[in-house]
Protein chains: 2
Amino acid sequence: MTSSEQNLFAPVKSKRTFEEVADNVKEMIFNGALQVGDRLPSEAQLARQFEVGRQTVREALRQLELSGFVSIQRGGGGGAVINDAISLRIGDLLSDALRLKRVTLAELTEARVEIESLVLNRLFANPDKKGLAALKRNVAQAQERIKTDQKATDLNAQFHTLLAKATGNEVFVLVVEVIMAVHMNLLEEVGVSFLTSAKTVKAHAQLLQAIEDKDRALASKLLIEHLVEVKSRLINAEKNPR
Amino acid sequence: MTSSEQNLFAPVKSKRTFEEVADNVKEMIFNGALQVGDRLPSEAQLARQFEVGRQTVREALRQLELSGFVSIQRGGGGGAVINDAISLRIGDLLSDALRLKRVTLAELTEARVEIESLVLNRLFANPDKKGLAALKRNVAQAQERIKTDQKATDLNAQFHTLLAKATGNEVFVLVVEVIMAVHMNLLEEVGVSFLTSAKTVKAHAQLLQAIEDKDRALASKLLIEHLVEVKSRLINAEKNPR
DNA sequence: TCACATTTGTCCGTATGTATC
DNA sequence: AGATACATACGGACAAATGTG
């Protein structure tokens, strides 16, 4: 064997049984045999079908659950249901990583501004009618909520995802979904879930208007202002805990 | 209770024991009580200390392992060791998500080009001497490897991370680490681990030179060319499987 | 409201595989 | 090669949660 051929063919770690079980289920999800919403057999049944112990099945389910592939409910009629929550899980992990690296809110906002600006630029370079329509619907619904004194947190997060969707590149959609998941985790931490919706909806409406008017400079400015404002609210909430 | 106060205080799911164990260990990592490289007690000891069953400890360890907080070795003297592999795990999850969304290599490269261009822009806006020095060392080492006919895959991945480090914003470091992890997964899938190093090192050297010469346009052009070239190699490898 | 069935959550005992010394 | 220490895996049992009749 020459020095350039010292490839390791055998994986370093032989796969553990629960990993094979998890991979098996994952493969069924990838090839469409299992669809979102489908219910997996009970742990006992899975154990029989795969001819392994129940403990092994459980550890496989832990993997799938933490990866966002399934969600698990206890009790009768419960069990593992195929789920589409990978971005949420990535967001959770990213939140942990940011905490571990002692990343500041300023740094995070800086990065978020630049990445979402990227999305905005693509949107101007390649405008998408359907995407714009979806954004309009989102803002309209959110405004309706505000009028009736309801919160619009979910719609406001969705706004950013819709922006990314309009770029036509799914990678950006994923990235923005992850950013929003991180943002939601921050909100939970500091406990800001009151009355911040109205201001956000207003900012989104203005931004959308600038996009429709094809006013690139204004849109950029509004996006930055909006995200910086979001940062300030978070920092204030940190200083004045519940 | 007014309509603005309908917050749910109780979490939707009461925490399971293994989650509490995992969170406990995670907290010790966050507050520094556990450092990277430290070895956790054996499963049996953990079970005694936390006063839970071994299976519960095992499921907690599964969580920590999949999250990249610990790595686990079998056999005598083995066990769980504190690890810093969150970005790798995020990369794995992201790879799954991209596969699930049927993201093409073209889309992925497009996004990668734009994100790494962001990094490059920050580098020009805010040049960092130490960072540049680290990049120079990286390229020099890689060139040395090539001369002696060795592979430089690890150094070549590190090059991109060092670029991000030079921006001074840790968020970009994380993002690029994740991108590199996804890239490595792709390489593994198609089995390209032969002889692609030399070309990459050359491209890195040229890019670094352009950065030192403060030639922004050239650097941008070289980065794009380099990443597109990487994409082509991957596509060719897909077409001509091993 | 009250059982009842189903399913996950947890614990224990034991056996086997695997890596280190 | 043998002893040791550890994760891995199995089976059985009961507790706790949750939906159903």
# chains A, B, ... in the order shown; residues from 1 in each chain; ligands from 1
>>> residues_around(residues="DT16 in chain C", least_positions_apart="3", cutoff="10 Å", atoms="only C-alpha atoms (C1' of nucleotides)", output="mmCIF file with C-alpha atoms (C1' of nucleotides), in the first residue's frame")
data_model
loop_
_atom_site.group_PDB
_atom_site.id
_atom_site.type_symbol
_atom_site.label_atom_id
_atom_site.label_comp_id
_atom_site.auth_asym_id
_atom_site.auth_seq_id
_atom_site.Cartn_x
_atom_site.Cartn_y
_atom_site.Cartn_z
ATOM 1 C "C1'" DT D 8 -23.773 -2.540 24.878
ATOM 2 C "C1'" DA D 9 -27.761 -5.336 24.769
ATOM 3 C "C1'" DC D 10 -31.494 -8.422 26.420
#
>>> residues_around(residues="range 58-64 of chain B", least_positions_apart="5", cutoff="8 Å", atoms="only C-alpha atoms (C1' of nucleotides)", output="short mmCIF file (atom, residue, chain, number, x, y, z; two decimals) with C-alpha atoms, in the first residue's frame")
data_model
loop_
_atom_site.label_atom_id
_atom_site.label_comp_id
_atom_site.auth_asym_id
_atom_site.auth_seq_id
_atom_site.Cartn_x
_atom_site.Cartn_y
_atom_site.Cartn_z
CA GLU A 59 -32.13 4.63 22.34
CA ARG A 62 -33.94 9.15 21.44
CA GLN A 63 -31.68 9.81 18.47
CA LEU A 66 -33.37 14.78 19.23
CA PHE B 18 -33.15 11.42 31.47
CA GLU B 19 -33.64 14.95 30.19
CA VAL B 21 -29.82 14.26 33.89
CA ALA B 22 -28.64 15.48 30.49
CA LYS B 26 -24.87 20.31 30.15
CA GLU B 43 -22.77 4.74 33.75
CA PHE B 69 -21.20 17.44 24.17
CA VAL B 70 -19.58 14.10 24.89
CA ALA B 80 -17.94 9.47 28.24
#
>>> select_by_dssp(residues="range 61-109 of chain B", states="strand (DSSP E or B)", output="list of chain:residue names")
B:Val70, B:Ser71, B:Ile72, B:Gln73, B:Gly79, B:Ala80, B:Val81, B:Ile82
>>> write_last_selection(atoms="N, CA and C atoms", output="PDB file, in the first residue's frame")
ATOM      1  N   VAL B  70     -20.491  15.145  24.436  1.00  0.00           N
ATOM      2  CA  VAL B  70     -19.576  14.105  24.894  1.00  0.00           C
ATOM      3  C   VAL B  70     -19.327  13.117  23.763  1.00  0.00           C
ATOM      4  N   SER B  71     -18.186  12.451  23.847  1.00  0.00           N
ATOM      5  CA  SER B  71     -17.946  11.320  22.964  1.00  0.00           C
ATOM      6  C   SER B  71     -17.755  10.103  23.848  1.00  0.00           C
ATOM      7  N   ILE B  72     -18.171   8.966  23.347  1.00  0.00           N
ATOM      8  CA  ILE B  72     -18.206   7.777  24.195  1.00  0.00           C
ATOM      9  C   ILE B  72     -17.346   6.676  23.610  1.00  0.00           C
ATOM     10  N   GLN B  73     -16.448   6.161  24.434  1.00  0.00           N
ATOM     11  CA  GLN B  73     -15.622   5.034  24.008  1.00  0.00           C
ATOM     12  C   GLN B  73     -16.022   3.782  24.778  1.00  0.00           C
ATOM     13  N   GLY B  79     -15.574   5.228  28.325  1.00  0.00           N
ATOM     14  CA  GLY B  79     -16.594   6.028  28.971  1.00  0.00           C
ATOM     15  C   GLY B  79     -16.861   7.316  28.218  1.00  0.00           C
ATOM     16  N   ALA B  80     -17.539   8.221  28.879  1.00  0.00           N
ATOM     17  CA  ALA B  80     -17.937   9.475  28.241  1.00  0.00           C
ATOM     18  C   ALA B  80     -16.915  10.552  28.548  1.00  0.00           C
ATOM     19  N   VAL B  81     -16.439  11.217  27.499  1.00  0.00           N
ATOM     20  CA  VAL B  81     -15.463  12.300  27.646  1.00  0.00           C
ATOM     21  C   VAL B  81     -16.064  13.583  27.082  1.00  0.00           C
ATOM     22  N   ILE B  82     -15.902  14.665  27.831  1.00  0.00           N
ATOM     23  CA  ILE B  82     -16.440  15.941  27.369  1.00  0.00           C
ATOM     24  C   ILE B  82     -15.779  16.332  26.057  1.00  0.00           C
TER      25      ILE B  82
END
>>> calpha_fit_and_write(fixed="chain A", moving="chain B", output="compact mmCIF listing (two decimals) with C-alpha atoms, in the first residue's frame")
# COMPACT_ATOMS: atom_id res chain seq x y z
CA MET B 1 -0.29 0.10 -0.35
CA THR B 2 0.97 3.48 -1.57
CA SER B 3 0.85 6.50 0.64
CA SER B 4 -2.10 7.91 -1.30
CA GLU B 5 -4.16 4.80 -0.64
CA GLN B 6 -4.12 4.73 3.14
CA ASN B 7 -7.87 5.11 3.26
CA LEU B 8 -9.59 3.54 6.18
CA PHE B 9 -12.43 1.47 4.82
CA ALA B 10 -13.70 0.17 8.10
CA PRO B 11 -15.49 2.89 10.06
CA VAL B 12 -13.69 3.90 13.21
CA LYS B 13 -16.54 2.74 15.39
CA SER B 14 -18.52 -0.34 14.53
CA LYS B 15 -22.14 0.73 14.45
CA ARG B 16 -24.15 0.05 17.54
CA THR B 17 -27.46 -1.72 17.16
CA PHE B 18 -29.54 1.29 18.14
CA GLU B 19 -27.75 3.35 15.51
CA GLU B 20 -28.67 0.86 12.85
CA VAL B 21 -32.28 0.93 13.97
CA ALA B 22 -32.31 4.73 13.87
CA ASP B 23 -30.63 4.80 10.45
CA ASN B 24 -33.17 2.30 9.22
CA VAL B 25 -36.06 4.54 10.20
CA LYS B 26 -34.28 7.61 8.82
CA GLU B 27 -33.83 5.86 5.50
CA MET B 28 -37.55 5.11 5.38
CA ILE B 29 -38.21 8.81 5.89
CA PHE B 30 -35.75 9.79 3.18
CA ASN B 31 -37.17 7.42 0.59
CA GLY B 32 -40.74 8.41 1.40
CA ALA B 33 -41.89 5.15 2.93
CA LEU B 34 -42.62 7.16 6.07
CA GLN B 35 -44.33 10.53 5.69
CA VAL B 36 -44.69 13.37 8.15
CA GLY B 37 -47.62 12.55 10.40
CA ASP B 38 -47.26 8.79 10.10
CA ARG B 39 -47.24 6.94 13.38
CA LEU B 40 -44.50 4.46 14.16
CA PRO B 41 -45.40 1.14 15.80
CA SER B 42 -45.07 0.99 19.56
CA GLU B 43 -41.69 0.34 21.14
CA ALA B 44 -42.60 -3.28 21.82
CA GLN B 45 -43.69 -3.86 18.23
CA LEU B 46 -40.59 -2.15 16.86
CA ALA B 47 -38.46 -4.33 19.10
CA ARG B 48 -40.14 -7.46 17.72
CA GLN B 49 -39.93 -6.31 14.10
CA PHE B 50 -36.26 -5.34 14.29
CA GLU B 51 -35.58 -8.32 16.56
CA VAL B 52 -33.86 -6.21 19.20
CA GLY B 53 -34.58 -5.35 22.81
CA ARG B 54 -36.85 -2.54 23.88
CA GLN B 55 -34.00 -0.55 25.36
CA THR B 56 -32.25 -0.59 21.98
CA VAL B 57 -35.40 0.73 20.33
CA ARG B 58 -35.68 3.41 22.98
CA GLU B 59 -32.15 4.65 22.38
CA ALA B 60 -32.82 4.72 18.65
CA LEU B 61 -35.97 6.76 19.28
CA ARG B 62 -33.96 9.15 21.48
CA GLN B 63 -31.66 9.79 18.49
CA LEU B 64 -34.56 10.32 16.12
CA GLU B 65 -36.35 12.56 18.58
CA LEU B 66 -33.34 14.77 19.23
CA SER B 67 -32.68 14.99 15.51
CA GLY B 68 -36.23 16.24 14.95
CA PHE B 69 -37.32 13.28 12.83
CA VAL B 70 -39.99 12.11 15.24
CA SER B 71 -41.95 13.52 18.13
CA ILE B 72 -43.03 11.27 20.94
CA GLN B 73 -46.23 11.40 22.94
CA ARG B 74 -46.81 9.49 26.12
CA GLY B 75 -49.94 7.68 27.10
CA GLY B 76 -52.52 5.64 25.26
CA GLY B 77 -52.71 6.17 21.52
CA GLY B 78 -49.38 7.94 21.81
CA GLY B 79 -46.05 6.90 20.42
CA ALA B 80 -43.61 8.19 17.86
CA VAL B 81 -44.93 10.31 14.99
CA ILE B 82 -42.87 11.35 12.01
CA ASN B 83 -42.05 15.02 12.37
CA ASP B 84 -40.35 17.77 10.40
CA ALA B 85 -38.48 19.68 13.07
CA ILE B 86 -34.85 19.38 12.06
CA SER B 87 -34.39 23.15 11.77
CA LEU B 88 -35.79 23.58 15.26
CA ARG B 89 -33.28 21.08 16.58
CA ILE B 90 -30.44 22.72 14.71
CA GLY B 91 -31.57 25.99 16.28
CA ASP B 92 -31.42 24.42 19.73
CA LEU B 93 -27.92 23.09 19.13
CA LEU B 94 -26.79 26.39 17.69
CA SER B 95 -28.15 28.18 20.74
CA ASP B 96 -26.07 25.88 22.92
CA ALA B 97 -22.99 26.49 20.79
CA LEU B 98 -23.46 30.25 20.95
CA ARG B 99 -23.84 30.10 24.70
CA LEU B 100 -20.73 27.95 25.00
CA LYS B 101 -18.74 30.42 22.91
CA ARG B 102 -20.08 33.32 24.97
CA VAL B 103 -21.40 35.01 21.85
CA THR B 104 -22.93 38.40 22.58
CA LEU B 105 -26.26 39.60 21.34
CA ALA B 106 -24.42 42.31 19.42
CA GLU B 107 -22.36 39.76 17.51
CA LEU B 108 -25.41 37.65 16.85
CA THR B 109 -27.42 40.57 15.54
CA GLU B 110 -24.52 41.67 13.37
CA ALA B 111 -24.38 38.28 11.73
CA ARG B 112 -28.13 38.09 11.41
CA VAL B 113 -28.26 41.49 9.73
CA GLU B 114 -25.68 40.44 7.15
CA ILE B 115 -27.26 37.10 6.41
CA GLU B 116 -30.78 38.46 6.08
CA SER B 117 -29.41 41.30 3.94
CA LEU B 118 -28.13 38.59 1.65
CA VAL B 119 -31.66 37.29 1.39
CA LEU B 120 -32.97 40.74 0.66
CA ASN B 121 -30.39 41.29 -2.07
CA ARG B 122 -31.37 38.07 -3.78
CA LEU B 123 -34.98 39.11 -3.55
CA PHE B 124 -34.27 42.34 -5.42
CA ALA B 125 -32.08 40.59 -7.96
CA ASN B 126 -34.69 37.96 -8.62
CA PRO B 127 -38.17 39.09 -7.56
CA ASP B 128 -40.77 36.36 -7.10
CA LYS B 129 -44.44 37.27 -7.52
CA LYS B 130 -45.82 34.33 -5.61
CA GLY B 131 -43.40 34.96 -2.78
CA LEU B 132 -44.44 38.58 -2.53
CA ALA B 133 -48.08 37.56 -2.45
CA ALA B 134 -47.38 35.19 0.43
CA LEU B 135 -45.60 37.98 2.29
CA LYS B 136 -48.56 40.28 1.74
CA ARG B 137 -50.94 37.68 3.13
CA ASN B 138 -48.68 37.20 6.13
CA VAL B 139 -48.61 40.92 6.95
CA ALA B 140 -52.35 41.26 6.41
CA GLN B 141 -53.08 38.38 8.78
CA ALA B 142 -50.69 39.75 11.37
CA GLN B 143 -52.30 43.19 11.18
CA GLU B 144 -55.68 41.58 11.68
CA ARG B 145 -54.39 39.84 14.79
CA ILE B 146 -53.04 43.08 16.21
CA LYS B 147 -56.35 44.82 15.59
CA THR B 148 -58.12 42.19 17.65
CA ASP B 149 -55.48 42.46 20.36
CA GLN B 150 -53.96 39.04 19.71
CA LYS B 151 -50.30 38.13 19.52
CA ALA B 152 -48.74 37.47 16.13
CA THR B 153 -45.45 35.92 17.22
CA ASP B 154 -45.75 32.91 14.94
CA LEU B 155 -46.69 35.01 11.90
CA ASN B 156 -43.84 37.41 12.59
CA ALA B 157 -41.32 34.59 12.61
CA GLN B 158 -42.91 33.23 9.46
CA PHE B 159 -42.38 36.59 7.74
CA HIS B 160 -38.63 36.08 7.73
CA THR B 161 -38.98 32.52 6.49
CA LEU B 162 -41.22 33.71 3.67
CA LEU B 163 -38.60 36.28 2.71
CA ALA B 164 -36.11 33.46 2.38
CA LYS B 165 -38.58 31.29 0.47
CA ALA B 166 -39.00 34.06 -2.09
CA THR B 167 -35.31 33.73 -2.99
CA GLY B 168 -36.03 30.30 -4.41
CA ASN B 169 -33.01 28.80 -2.69
CA GLU B 170 -33.96 26.28 -0.01
CA VAL B 171 -30.63 26.65 1.74
CA PHE B 172 -31.50 30.20 2.71
CA VAL B 173 -34.89 29.00 3.92
CA LEU B 174 -33.17 26.54 6.23
CA VAL B 175 -30.67 29.11 7.44
CA VAL B 176 -33.39 31.62 8.25
CA GLU B 177 -35.49 28.94 9.96
CA VAL B 178 -32.51 28.17 12.15
CA ILE B 179 -31.97 31.85 12.90
CA MET B 180 -35.61 32.19 13.91
CA ALA B 181 -35.34 29.14 16.14
CA VAL B 182 -32.35 30.68 17.90
CA HIS B 183 -34.28 33.92 18.24
CA MET B 184 -37.24 32.11 19.77
CA ASN B 185 -34.93 30.44 22.27
CA LEU B 186 -33.60 33.85 23.27
CA LEU B 187 -37.12 35.17 23.68
CA GLU B 188 -37.96 32.24 25.93
CA GLU B 189 -34.85 32.78 28.02
CA VAL B 190 -35.53 36.42 28.75
CA GLY B 191 -39.29 35.95 28.84
CA VAL B 192 -40.32 38.56 26.28
CA SER B 193 -43.60 37.41 24.92
CA PHE B 194 -45.74 40.40 25.73
CA LEU B 195 -46.91 43.12 23.45
CA THR B 196 -43.86 43.26 21.21
CA SER B 197 -45.86 42.03 18.29
CA ALA B 198 -47.45 45.29 17.15
CA LYS B 199 -44.19 47.09 16.58
CA THR B 200 -42.79 44.15 14.66
CA VAL B 201 -45.80 43.89 12.38
CA LYS B 202 -45.49 47.58 11.56
CA ALA B 203 -41.82 47.15 10.68
CA HIS B 204 -42.63 44.15 8.49
CA ALA B 205 -45.34 46.10 6.67
CA GLN B 206 -42.95 48.97 5.96
CA LEU B 207 -40.24 46.59 4.76
CA LEU B 208 -42.66 44.81 2.45
CA GLN B 209 -43.82 48.16 1.04
CA ALA B 210 -40.22 49.11 0.28
CA ILE B 211 -39.71 45.79 -1.49
CA GLU B 212 -42.83 46.32 -3.58
CA ASP B 213 -41.65 49.85 -4.42
CA LYS B 214 -38.33 48.33 -5.46
CA ASP B 215 -36.60 50.76 -3.13
CA ARG B 216 -33.55 48.69 -2.34
CA ALA B 217 -31.78 51.23 -0.17
CA LEU B 218 -34.84 51.85 1.97
CA ALA B 219 -35.53 48.15 2.34
CA SER B 220 -31.98 47.54 3.48
CA LYS B 221 -32.19 50.39 5.95
CA LEU B 222 -35.54 49.20 7.31
CA LEU B 223 -34.31 45.63 7.73
CA ILE B 224 -31.25 46.73 9.66
CA GLU B 225 -33.28 49.09 11.84
CA HIS B 226 -35.80 46.37 12.52
CA LEU B 227 -33.22 43.80 13.57
CA VAL B 228 -31.29 46.28 15.68
CA GLU B 229 -34.53 47.25 17.35
CA VAL B 230 -35.24 43.60 18.09
CA LYS B 231 -31.78 43.35 19.63
CA SER B 232 -32.41 46.36 21.87
CA ARG B 233 -35.64 44.88 23.11
CA LEU B 234 -33.82 41.69 24.00
CA ILE B 235 -31.05 43.57 25.80
CA ASN B 236 -33.57 45.62 27.76
CA ALA B 237 -35.38 42.45 28.70
CA GLU B 238 -32.10 40.99 29.92
CA LYS B 239 -31.51 44.00 32.12
CA ASN B 240 -35.05 43.99 33.49
CA PRO B 241 -35.79 40.35 34.16
CA ARG B 242 -39.28 39.30 35.05
>>> residues_around(residues="DA13 in chain D", least_positions_apart="6", cutoff="12 Å", atoms="only C-alpha atoms (C1' of nucleotides)", output="PyMOL selection string")
chain C and resi 10-13
>>> select_by_dssp(residues="range 52-223 of chain A", states="helix (DSSP H, G or I)", output="MDAnalysis selection string")
chainID A and resid 54:66 86:100 105:125 129:147 153:165 170:190 197:212 216:223
>>> write_last_selection(atoms="C-alpha atoms", output="compact mmCIF listing (two decimals), in the first residue's frame")
# COMPACT_ATOMS: atom_id res chain seq x y z
CA ARG A 54 -36.83 -2.59 23.79
CA GLN A 55 -33.96 -0.63 25.31
CA THR A 56 -32.26 -0.58 21.93
CA VAL A 57 -35.40 0.72 20.27
CA ARG A 58 -35.68 3.41 22.93
CA GLU A 59 -32.13 4.63 22.34
CA ALA A 60 -32.82 4.74 18.61
CA LEU A 61 -35.96 6.76 19.27
CA ARG A 62 -33.94 9.15 21.44
CA GLN A 63 -31.68 9.81 18.47
CA LEU A 64 -34.59 10.35 16.10
CA GLU A 65 -36.39 12.56 18.59
CA LEU A 66 -33.37 14.78 19.23
CA ILE A 86 -34.94 19.39 12.07
CA SER A 87 -34.45 23.15 11.77
CA LEU A 88 -35.85 23.60 15.25
CA ARG A 89 -33.35 21.08 16.56
CA ILE A 90 -30.50 22.72 14.70
CA GLY A 91 -31.62 25.97 16.26
CA ASP A 92 -31.47 24.41 19.70
CA LEU A 93 -27.98 23.07 19.10
CA LEU A 94 -26.83 26.37 17.65
CA SER A 95 -28.18 28.16 20.72
CA ASP A 96 -26.11 25.86 22.88
CA ALA A 97 -23.03 26.46 20.75
CA LEU A 98 -23.47 30.22 20.90
CA ARG A 99 -23.86 30.08 24.66
CA LEU A 100 -20.76 27.92 24.95
CA LEU A 105 -26.27 39.57 21.30
CA ALA A 106 -24.41 42.26 19.37
CA GLU A 107 -22.35 39.70 17.47
CA LEU A 108 -25.42 37.60 16.80
CA THR A 109 -27.42 40.54 15.50
CA GLU A 110 -24.51 41.63 13.33
CA ALA A 111 -24.40 38.23 11.69
CA ARG A 112 -28.15 38.07 11.37
CA VAL A 113 -28.27 41.45 9.68
CA GLU A 114 -25.69 40.40 7.12
CA ILE A 115 -27.29 37.06 6.36
CA GLU A 116 -30.80 38.45 6.04
CA SER A 117 -29.42 41.29 3.91
CA LEU A 118 -28.15 38.57 1.62
CA VAL A 119 -31.68 37.26 1.35
CA LEU A 120 -32.98 40.73 0.63
CA ASN A 121 -30.41 41.29 -2.10
CA ARG A 122 -31.40 38.07 -3.80
CA LEU A 123 -35.01 39.11 -3.57
CA PHE A 124 -34.29 42.35 -5.41
CA ALA A 125 -32.11 40.62 -7.96
CA LYS A 129 -44.47 37.32 -7.52
CA LYS A 130 -45.86 34.38 -5.61
CA GLY A 131 -43.43 34.99 -2.79
CA LEU A 132 -44.46 38.62 -2.55
CA ALA A 133 -48.12 37.61 -2.46
CA ALA A 134 -47.42 35.24 0.42
CA LEU A 135 -45.62 38.01 2.29
CA LYS A 136 -48.58 40.33 1.76
CA ARG A 137 -50.96 37.72 3.14
CA ASN A 138 -48.70 37.25 6.13
CA VAL A 139 -48.63 40.95 6.96
CA ALA A 140 -52.37 41.30 6.44
CA GLN A 141 -53.10 38.43 8.80
CA ALA A 142 -50.70 39.79 11.38
CA GLN A 143 -52.31 43.23 11.20
CA GLU A 144 -55.69 41.64 11.71
CA ARG A 145 -54.40 39.89 14.82
CA ILE A 146 -53.03 43.12 16.24
CA LYS A 147 -56.34 44.89 15.63
CA THR A 153 -45.46 35.95 17.23
CA ASP A 154 -45.76 32.95 14.95
CA LEU A 155 -46.71 35.02 11.91
CA ASN A 156 -43.85 37.42 12.59
CA ALA A 157 -41.34 34.60 12.61
CA GLN A 158 -42.94 33.24 9.46
CA PHE A 159 -42.40 36.60 7.73
CA HIS A 160 -38.65 36.09 7.71
CA THR A 161 -39.01 32.53 6.48
CA LEU A 162 -41.26 33.73 3.67
CA LEU A 163 -38.64 36.30 2.70
CA ALA A 164 -36.14 33.46 2.37
CA LYS A 165 -38.62 31.29 0.45
CA GLU A 170 -34.03 26.28 -0.03
CA VAL A 171 -30.68 26.64 1.70
CA PHE A 172 -31.54 30.18 2.68
CA VAL A 173 -34.93 29.00 3.90
CA LEU A 174 -33.22 26.54 6.18
CA VAL A 175 -30.71 29.09 7.39
CA VAL A 176 -33.42 31.60 8.22
CA GLU A 177 -35.53 28.93 9.93
CA VAL A 178 -32.56 28.15 12.12
CA ILE A 179 -31.99 31.83 12.87
CA MET A 180 -35.64 32.18 13.87
CA ALA A 181 -35.39 29.13 16.11
CA VAL A 182 -32.39 30.67 17.86
CA HIS A 183 -34.31 33.90 18.20
CA MET A 184 -37.27 32.11 19.74
CA ASN A 185 -34.97 30.43 22.24
CA LEU A 186 -33.62 33.83 23.23
CA LEU A 187 -37.13 35.17 23.66
CA GLU A 188 -37.99 32.26 25.90
CA GLU A 189 -34.87 32.77 27.98
CA VAL A 190 -35.53 36.41 28.73
CA SER A 197 -45.85 42.04 18.29
CA ALA A 198 -47.43 45.33 17.18
CA LYS A 199 -44.15 47.12 16.60
CA THR A 200 -42.78 44.16 14.67
CA VAL A 201 -45.80 43.92 12.39
CA LYS A 202 -45.48 47.61 11.59
CA ALA A 203 -41.80 47.16 10.70
CA HIS A 204 -42.62 44.17 8.50
CA ALA A 205 -45.33 46.13 6.69
CA GLN A 206 -42.95 48.99 5.97
CA LEU A 207 -40.25 46.61 4.76
CA LEU A 208 -42.67 44.85 2.45
CA GLN A 209 -43.82 48.18 1.05
CA ALA A 210 -40.21 49.15 0.28
CA ILE A 211 -39.71 45.84 -1.49
CA GLU A 212 -42.84 46.36 -3.58
CA ARG A 216 -33.55 48.70 -2.36
CA ALA A 217 -31.77 51.25 -0.17
CA LEU A 218 -34.83 51.86 1.97
CA ALA A 219 -35.54 48.16 2.34
CA SER A 220 -31.98 47.53 3.46
CA LYS A 221 -32.17 50.38 5.94
CA LEU A 222 -35.52 49.20 7.32
CA LEU A 223 -34.31 45.63 7.72
